Amino acid sequence: MLLGLLFWAIVTLADGIFVGQGVGSDALAAINIAAPLFQISTGIAMMFGSGASIVAAIHLSQGNKKAACINVTQAVIVATVLMLLVAALVYAFPREVAFMFGGSERLMPYIIDYLYYVMPALIFCIISIIGVFIVRLDGSPNFAMIANAVGSVVNIILDWFFIFPCGMGIKGAAVGTSIACGVSAVMAIYYLLCRAKTLRLYRLKLSRTSLKLTMRNVGYMIKVGFSTFIGETALSCMMIVGNFMYMSRLGEDGVAAYSVACYTFPLVFMFGSAVAQSALPIISYNHGTHNSLRIRRTFRLSVVVATLCSLPIVAFGMFFCQPLIRCFLSPSVPAYQIAVDGFPLFSLSFIFFSLNLVLIGYYQALEQARASTLFMALRGYLLIVPSFLLLPSLIGDSGLWLAVPLSEALTFMCICIYLVAKRI
């Protein structure tokens with residue numbers, strides 16, 4: 001799981017580096033404006049993927065393989081249809097979407113160019129992410145990793161080819177991403193149709209009773225996985241609110257500097273999400289068999305691993321960030337110095353973010369949807385917006401960079417208080 005996510009994190013970094021060096025800081029800022037759509041797509045996929053994974057794991061622990069296959073098939077179909085509806089809205093109202101996410105007239109040509117060609121990637125991303133969840137649960141984590149790796153390598157090669165030799169600009173980055181996501185989606189579907197051991201796609205009926213059961217199952221998967229959706233769209237909330245605040249105080253150069261922080265966030269998400277999602281099927285399965293000892297051991301191990309993984313990233317962000325920033329931005333542009341001054345402050349959020357993902361994933365795996373959703377909403381919406389609005393007015397532009405660390409730290413404190421109260 002960690003290696004699979006590592007490939008996608010490298011793709012994200014490479015994409016930002018190619019755009020920043022090959023097109024310019026305005027193009028980098030434009031992608032940051034459009035980036036919340038990736039979070040929405042990933043949020044839908046993670047919600048159905050984690051929800052179906054939890055429900056299917058419990059069915060498998062009880063020997064009901066048919067129900068597990070039906071659940072994962074329903075997850076793939078319904079999530080894809082939802083994303084098709086989102087894509088239709090974006091194609092119909094691209095300027096409105098761009099302004100809603102914090103865009104400006106100066107960035108508009110880049111944003112619209114990127115949106116038109118990247119939307120297929122978001123649809124393929126749904127199939128790929130849910131497929132990876134199912135493939136791992138089916139006992140083939142290596143194939144899931146290979147699917148991510150192949151898509152990642154294709155993406156890096158095509159991004160470089162379309163941006164530099166072909167001179168396609170920001171459109172080239174979008175086309176390369178769409179083709180690469182399509183490759184990963186095809187590999188996931190191939191596995192589910194041809195290589196699956198237990199969890200394969202199941203032919204659904206279209207009778208009224210079957211549709212009612214589908215809606216019931218989908219509703220339960222959404223309930224179980226909704227905290228993951230909140231968590232993913234929380235990143236989009238962080239980007240949207242941040243884009244507006246950076247634009248209002250520092251202009252397009254501020255958004256370009258902020259985009260460097262947003263591009264590095266997948267590295268942190270990679271470690272936290274890898275630990276949380278790897279623990280999820282273990283905890284869910286043992287929850288179904290009432291093995292509380294294994295649940296506790298898995299939980300404690302996941303907390304330790306998340307801490308050990310995130311500490312080096314925090315240290316790098318605080319003390320050695322300039323070489324990383326130079327990969328995205330030329331030292332000659334104003335956005336570079338803005339990023340150098342603020343990135344060490346932003347890095348303080350990394351350890352709290354990783355631990356929050358693991359702790360919230362624990363409650364999700366135990367089917368405690370209310371607690372996991374509450375904590376996700378707390379860190380993603382209820383604290384991040386006030387932090388962005390209040391801190392800059394209190395301590396100046398440094399408050400822009402400290403808003404995310406503050407919201408993550410406060411959420412971590414709330415979860416720890418809840419854990420102590422429950423004596424876990």
# chains A, B, ... in the order shown; residues from 1 in each chain; ligands from 1
$ residues_around --residues "Ala121 (chain A)" --least-positions-apart "4" --cutoff "10 Å" --atoms "only C-alpha atoms" --output "list in words"
Phe38, Ser41, Tyr117, Cys125, Ile126, Ala174, Val175, Gly176, Thr177, Ser178, Ile179, Ala180, Cys181, Gly182 and Ala185 of chain A
$ residues_around --residues "region 284-299 of chain A" --least-positions-apart "6" --cutoff "8 Å" --atoms "only C-alpha atoms" --output "list in words"
Ile54, Ala57, Ile58, Ser61, Gln62, Tyr362, Ala365, Leu366 and Ile424 of chain A
$ atom_distance --atom1 "CA of Tyr263 (chain A)" --atom2 "CA of Leu13 (chain A)"
6.1 Å
$ select_by_dssp --residues "region 127-328 of chain A" --states "alpha helix (DSSP H)" --output "PyMOL selection string"
chain A and resi 127-137+141-163+170-190+208-288+292-319+322-328
$ closest_residue --among "A:Ala306, A:Met46, A:Val97, A:Ile33" --to "Ile351 (chain A)" --atoms "only C-alpha atoms"
A:Ala306
$ atom_distance --atom1 "CA of Phe265 (chain A)" --atom2 "CA of Glu232 (chain A)"
12.0 Å
$ atom_distance --atom1 "CA of Leu267 (chain A)" --atom2 "CA of Phe352 (chain A)"
13.9 Å
$ residues_around --residues "Ala45 (chain A)" --least-positions-apart "4" --cutoff "9 Å" --atoms "only C-alpha atoms" --output "PyMOL selection string"
chain A and resi 40-41+49-50+75-76+79-80+125-130+229
$ closest_residue --among "A:Leu158, A:Ala14, A:Arg200, A:Asp26" --to "Lys66 (chain A)" --atoms "only C-alpha atoms"
A:Arg200
$ residues_around --residues "Ser393 (chain A)" --least-positions-apart "6" --cutoff "12 Å" --atoms "only C-alpha atoms" --output "count of residues only"
7
$ residues_around --residues "Asn243 (chain A)" --least-positions-apart "2" --cutoff "9 Å" --atoms "only C-alpha atoms" --output "list in words"
Ala29, Asn32, Ile33, Phe101, Gly102, Gly103, Met238, Met239, Ile240, Val241, Met245, Tyr246, Met247, Ser248, Gly254, Val255, Tyr258 and Ser259 of chain A
$ write_last_selection --atoms "N, CA, C and O atoms" --output "PDB file, in the first residue's frame"
ATOM      1  N   ALA A  29      -0.023  27.954 -10.250  1.00  0.00           N
ATOM      2  CA  ALA A  29      -1.136  28.488  -9.465  1.00  0.00           C
ATOM      3  C   ALA A  29      -2.476  28.032 -10.035  1.00  0.00           C
ATOM      4  O   ALA A  29      -3.413  27.722  -9.288  1.00  0.00           O
ATOM      5  N   ASN A  32      -3.351  24.630  -8.929  1.00  0.00           N
ATOM      6  CA  ASN A  32      -3.782  24.639  -7.532  1.00  0.00           C
ATOM      7  C   ASN A  32      -5.232  25.088  -7.406  1.00  0.00           C
ATOM      8  O   ASN A  32      -5.949  24.660  -6.500  1.00  0.00           O
ATOM      9  N   ILE A  33      -5.674  25.945  -8.316  1.00  0.00           N
ATOM     10  CA  ILE A  33      -7.084  26.350  -8.323  1.00  0.00           C
ATOM     11  C   ILE A  33      -7.972  25.176  -8.723  1.00  0.00           C
ATOM     12  O   ILE A  33      -9.043  24.962  -8.146  1.00  0.00           O
ATOM     13  N   PHE A 101     -13.489  28.270  -7.007  1.00  0.00           N
ATOM     14  CA  PHE A 101     -12.327  27.691  -6.339  1.00  0.00           C
ATOM     15  C   PHE A 101     -11.211  28.712  -6.094  1.00  0.00           C
ATOM     16  O   PHE A 101     -10.121  28.345  -5.680  1.00  0.00           O
ATOM     17  N   GLY A 102     -11.484  29.997  -6.361  1.00  0.00           N
ATOM     18  CA  GLY A 102     -10.506  31.038  -6.042  1.00  0.00           C
ATOM     19  C   GLY A 102      -9.707  31.544  -7.215  1.00  0.00           C
ATOM     20  O   GLY A 102      -8.666  32.177  -7.018  1.00  0.00           O
ATOM     21  N   GLY A 103     -10.146  31.305  -8.447  1.00  0.00           N
ATOM     22  CA  GLY A 103      -9.404  31.738  -9.624  1.00  0.00           C
ATOM     23  C   GLY A 103      -9.521  33.233  -9.888  1.00  0.00           C
ATOM     24  O   GLY A 103     -10.344  33.928  -9.297  1.00  0.00           O
ATOM     25  N   MET A 238      -9.344  23.048   2.297  1.00  0.00           N
ATOM     26  CA  MET A 238      -8.079  23.695   2.642  1.00  0.00           C
ATOM     27  C   MET A 238      -7.521  24.457   1.438  1.00  0.00           C
ATOM     28  O   MET A 238      -7.049  25.591   1.566  1.00  0.00           O
ATOM     29  N   MET A 239      -7.599  23.847   0.243  1.00  0.00           N
ATOM     30  CA  MET A 239      -7.078  24.500  -0.954  1.00  0.00           C
ATOM     31  C   MET A 239      -7.929  25.703  -1.357  1.00  0.00           C
ATOM     32  O   MET A 239      -7.398  26.768  -1.681  1.00  0.00           O
ATOM     33  N   ILE A 240      -9.248  25.524  -1.322  1.00  0.00           N
ATOM     34  CA  ILE A 240     -10.134  26.600  -1.777  1.00  0.00           C
ATOM     35  C   ILE A 240     -10.025  27.812  -0.858  1.00  0.00           C
ATOM     36  O   ILE A 240      -9.818  28.951  -1.313  1.00  0.00           O
ATOM     37  N   VAL A 241     -10.160  27.583   0.451  1.00  0.00           N
ATOM     38  CA  VAL A 241     -10.058  28.697   1.400  1.00  0.00           C
ATOM     39  C   VAL A 241      -8.664  29.316   1.331  1.00  0.00           C
ATOM     40  O   VAL A 241      -8.509  30.545   1.340  1.00  0.00           O
ATOM     41  N   MET A 245      -7.591  33.200   0.416  1.00  0.00           N
ATOM     42  CA  MET A 245      -6.853  34.005   1.379  1.00  0.00           C
ATOM     43  C   MET A 245      -5.492  34.439   0.827  1.00  0.00           C
ATOM     44  O   MET A 245      -5.082  35.588   0.991  1.00  0.00           O
ATOM     45  N   TYR A 246      -4.772  33.515   0.181  1.00  0.00           N
ATOM     46  CA  TYR A 246      -3.476  33.874  -0.406  1.00  0.00           C
ATOM     47  C   TYR A 246      -3.665  34.880  -1.541  1.00  0.00           C
ATOM     48  O   TYR A 246      -2.852  35.805  -1.703  1.00  0.00           O
ATOM     49  N   MET A 247      -4.719  34.690  -2.343  1.00  0.00           N
ATOM     50  CA  MET A 247      -4.973  35.611  -3.433  1.00  0.00           C
ATOM     51  C   MET A 247      -5.285  37.013  -2.892  1.00  0.00           C
ATOM     52  O   MET A 247      -4.820  38.023  -3.441  1.00  0.00           O
ATOM     53  N   SER A 248      -6.050  37.091  -1.812  1.00  0.00           N
ATOM     54  CA  SER A 248      -6.455  38.392  -1.273  1.00  0.00           C
ATOM     55  C   SER A 248      -5.291  39.140  -0.630  1.00  0.00           C
ATOM     56  O   SER A 248      -5.246  40.372  -0.664  1.00  0.00           O
ATOM     57  N   GLY A 254       1.336  34.568  -4.389  1.00  0.00           N
ATOM     58  CA  GLY A 254       1.051  33.867  -3.143  1.00  0.00           C
ATOM     59  C   GLY A 254       0.402  32.523  -3.388  1.00  0.00           C
ATOM     60  O   GLY A 254       0.731  31.529  -2.724  1.00  0.00           O
ATOM     61  N   VAL A 255      -0.519  32.461  -4.347  1.00  0.00           N
ATOM     62  CA  VAL A 255      -1.166  31.186  -4.675  1.00  0.00           C
ATOM     63  C   VAL A 255      -0.144  30.216  -5.258  1.00  0.00           C
ATOM     64  O   VAL A 255      -0.165  29.014  -4.956  1.00  0.00           O
ATOM     65  N   TYR A 258       1.799  28.889  -2.372  1.00  0.00           N
ATOM     66  CA  TYR A 258       0.944  27.954  -1.624  1.00  0.00           C
ATOM     67  C   TYR A 258       0.808  26.631  -2.365  1.00  0.00           C
ATOM     68  O   TYR A 258       0.695  25.564  -1.747  1.00  0.00           O
ATOM     69  N   SER A 259       0.852  26.677  -3.694  1.00  0.00           N
ATOM     70  CA  SER A 259       0.714  25.441  -4.470  1.00  0.00           C
ATOM     71  C   SER A 259       1.875  24.484  -4.211  1.00  0.00           C
ATOM     72  O   SER A 259       1.704  23.268  -4.299  1.00  0.00           O
TER      73      SER A 259
END
$ residues_around --residues "Ser53 (chain A)" --least-positions-apart "3" --cutoff "12 Å" --atoms "only C-alpha atoms" --output "number ranges by chain"
A: 45-50, 56-60, 68-76, 129-138, 199, 220-222, 224-225, 277-285, 364-365, 367
$ residues_around --residues "region 416-422 of chain A" --least-positions-apart "5" --cutoff "12 Å" --atoms "only C-alpha atoms" --output "ChimeraX atom specification"
/A:299,303,352,355-356,359-360,362-363,371-372,374-375,409-411
$ write_last_selection --atoms "N, CA, C and O atoms" --output "PDB file, in the first residue's frame"
ATOM      1  N   PHE A 299      -4.050  -1.229  16.168  1.00  0.00           N
ATOM      2  CA  PHE A 299      -4.230   0.212  16.390  1.00  0.00           C
ATOM      3  C   PHE A 299      -2.953   0.846  16.933  1.00  0.00           C
ATOM      4  O   PHE A 299      -2.476   1.868  16.421  1.00  0.00           O
ATOM      5  N   VAL A 303      -0.301   3.667  15.056  1.00  0.00           N
ATOM      6  CA  VAL A 303       0.045   4.976  15.613  1.00  0.00           C
ATOM      7  C   VAL A 303       1.564   5.155  15.649  1.00  0.00           C
ATOM      8  O   VAL A 303       2.098   6.205  15.281  1.00  0.00           O
ATOM      9  N   PHE A 352       0.737  15.950  12.761  1.00  0.00           N
ATOM     10  CA  PHE A 352      -0.643  15.901  13.261  1.00  0.00           C
ATOM     11  C   PHE A 352      -1.587  15.364  12.189  1.00  0.00           C
ATOM     12  O   PHE A 352      -2.524  14.611  12.483  1.00  0.00           O
ATOM     13  N   LEU A 355      -1.213  11.462  12.015  1.00  0.00           N
ATOM     14  CA  LEU A 355      -1.826  10.808  13.177  1.00  0.00           C
ATOM     15  C   LEU A 355      -3.346  10.927  13.134  1.00  0.00           C
ATOM     16  O   LEU A 355      -4.060   9.976  13.497  1.00  0.00           O
ATOM     17  N   ASN A 356      -3.856  12.051  12.688  1.00  0.00           N
ATOM     18  CA  ASN A 356      -5.311  12.203  12.595  1.00  0.00           C
ATOM     19  C   ASN A 356      -5.908  11.215  11.607  1.00  0.00           C
ATOM     20  O   ASN A 356      -6.978  10.641  11.852  1.00  0.00           O
ATOM     21  N   LEU A 359      -5.960   7.767  13.409  1.00  0.00           N
ATOM     22  CA  LEU A 359      -6.917   7.698  14.512  1.00  0.00           C
ATOM     23  C   LEU A 359      -8.357   7.697  14.005  1.00  0.00           C
ATOM     24  O   LEU A 359      -9.203   6.939  14.495  1.00  0.00           O
ATOM     25  N   ILE A 360      -8.617   8.524  13.009  1.00  0.00           N
ATOM     26  CA  ILE A 360      -9.969   8.560  12.457  1.00  0.00           C
ATOM     27  C   ILE A 360     -10.273   7.271  11.695  1.00  0.00           C
ATOM     28  O   ILE A 360     -11.389   6.745  11.762  1.00  0.00           O
ATOM     29  N   TYR A 362      -9.266   4.388  12.433  1.00  0.00           N
ATOM     30  CA  TYR A 362      -9.560   3.361  13.439  1.00  0.00           C
ATOM     31  C   TYR A 362     -11.060   3.324  13.748  1.00  0.00           C
ATOM     32  O   TYR A 362     -11.684   2.251  13.767  1.00  0.00           O
ATOM     33  N   TYR A 363     -11.649   4.480  13.976  1.00  0.00           N
ATOM     34  CA  TYR A 363     -13.084   4.524  14.269  1.00  0.00           C
ATOM     35  C   TYR A 363     -13.913   4.126  13.050  1.00  0.00           C
ATOM     36  O   TYR A 363     -14.961   3.488  13.172  1.00  0.00           O
ATOM     37  N   ALA A 371     -18.462   9.053  15.069  1.00  0.00           N
ATOM     38  CA  ALA A 371     -17.219   9.599  15.619  1.00  0.00           C
ATOM     39  C   ALA A 371     -16.231   9.952  14.520  1.00  0.00           C
ATOM     40  O   ALA A 371     -15.632  11.041  14.527  1.00  0.00           O
ATOM     41  N   SER A 372     -16.042   9.053  13.537  1.00  0.00           N
ATOM     42  CA  SER A 372     -15.065   9.312  12.479  1.00  0.00           C
ATOM     43  C   SER A 372     -15.487  10.502  11.620  1.00  0.00           C
ATOM     44  O   SER A 372     -14.649  11.331  11.243  1.00  0.00           O
ATOM     45  N   LEU A 374     -17.406  13.037  12.579  1.00  0.00           N
ATOM     46  CA  LEU A 374     -17.286  14.245  13.386  1.00  0.00           C
ATOM     47  C   LEU A 374     -15.852  14.759  13.399  1.00  0.00           C
ATOM     48  O   LEU A 374     -15.603  15.960  13.202  1.00  0.00           O
ATOM     49  N   PHE A 375     -14.885  13.867  13.604  1.00  0.00           N
ATOM     50  CA  PHE A 375     -13.494  14.297  13.672  1.00  0.00           C
ATOM     51  C   PHE A 375     -12.983  14.761  12.311  1.00  0.00           C
ATOM     52  O   PHE A 375     -12.189  15.706  12.221  1.00  0.00           O
ATOM     53  N   ALA A 409      -3.580  20.348  14.756  1.00  0.00           N
ATOM     54  CA  ALA A 409      -3.176  20.143  16.146  1.00  0.00           C
ATOM     55  C   ALA A 409      -4.389  20.156  17.078  1.00  0.00           C
ATOM     56  O   ALA A 409      -4.482  19.339  18.004  1.00  0.00           O
ATOM     57  N   LEU A 410      -5.315  21.063  16.850  1.00  0.00           N
ATOM     58  CA  LEU A 410      -6.514  21.118  17.686  1.00  0.00           C
ATOM     59  C   LEU A 410      -7.365  19.860  17.516  1.00  0.00           C
ATOM     60  O   LEU A 410      -7.917  19.334  18.489  1.00  0.00           O
ATOM     61  N   THR A 411      -7.447  19.363  16.287  1.00  0.00           N
ATOM     62  CA  THR A 411      -8.192  18.123  16.047  1.00  0.00           C
ATOM     63  C   THR A 411      -7.539  16.954  16.769  1.00  0.00           C
ATOM     64  O   THR A 411      -8.221  16.122  17.381  1.00  0.00           O
TER      65      THR A 411
END
$ closest_residue --among "A:Ile313, A:Val153, A:Val90, A:Leu82" --to "Val118 (chain A)" --atoms "only C-alpha atoms"
A:Val90
$ closest_residue --among "A:Met376, A:Leu390, A:Ile156, A:Tyr381" --to "Phe412 (chain A)" --atoms "only C-alpha atoms"
A:Met376
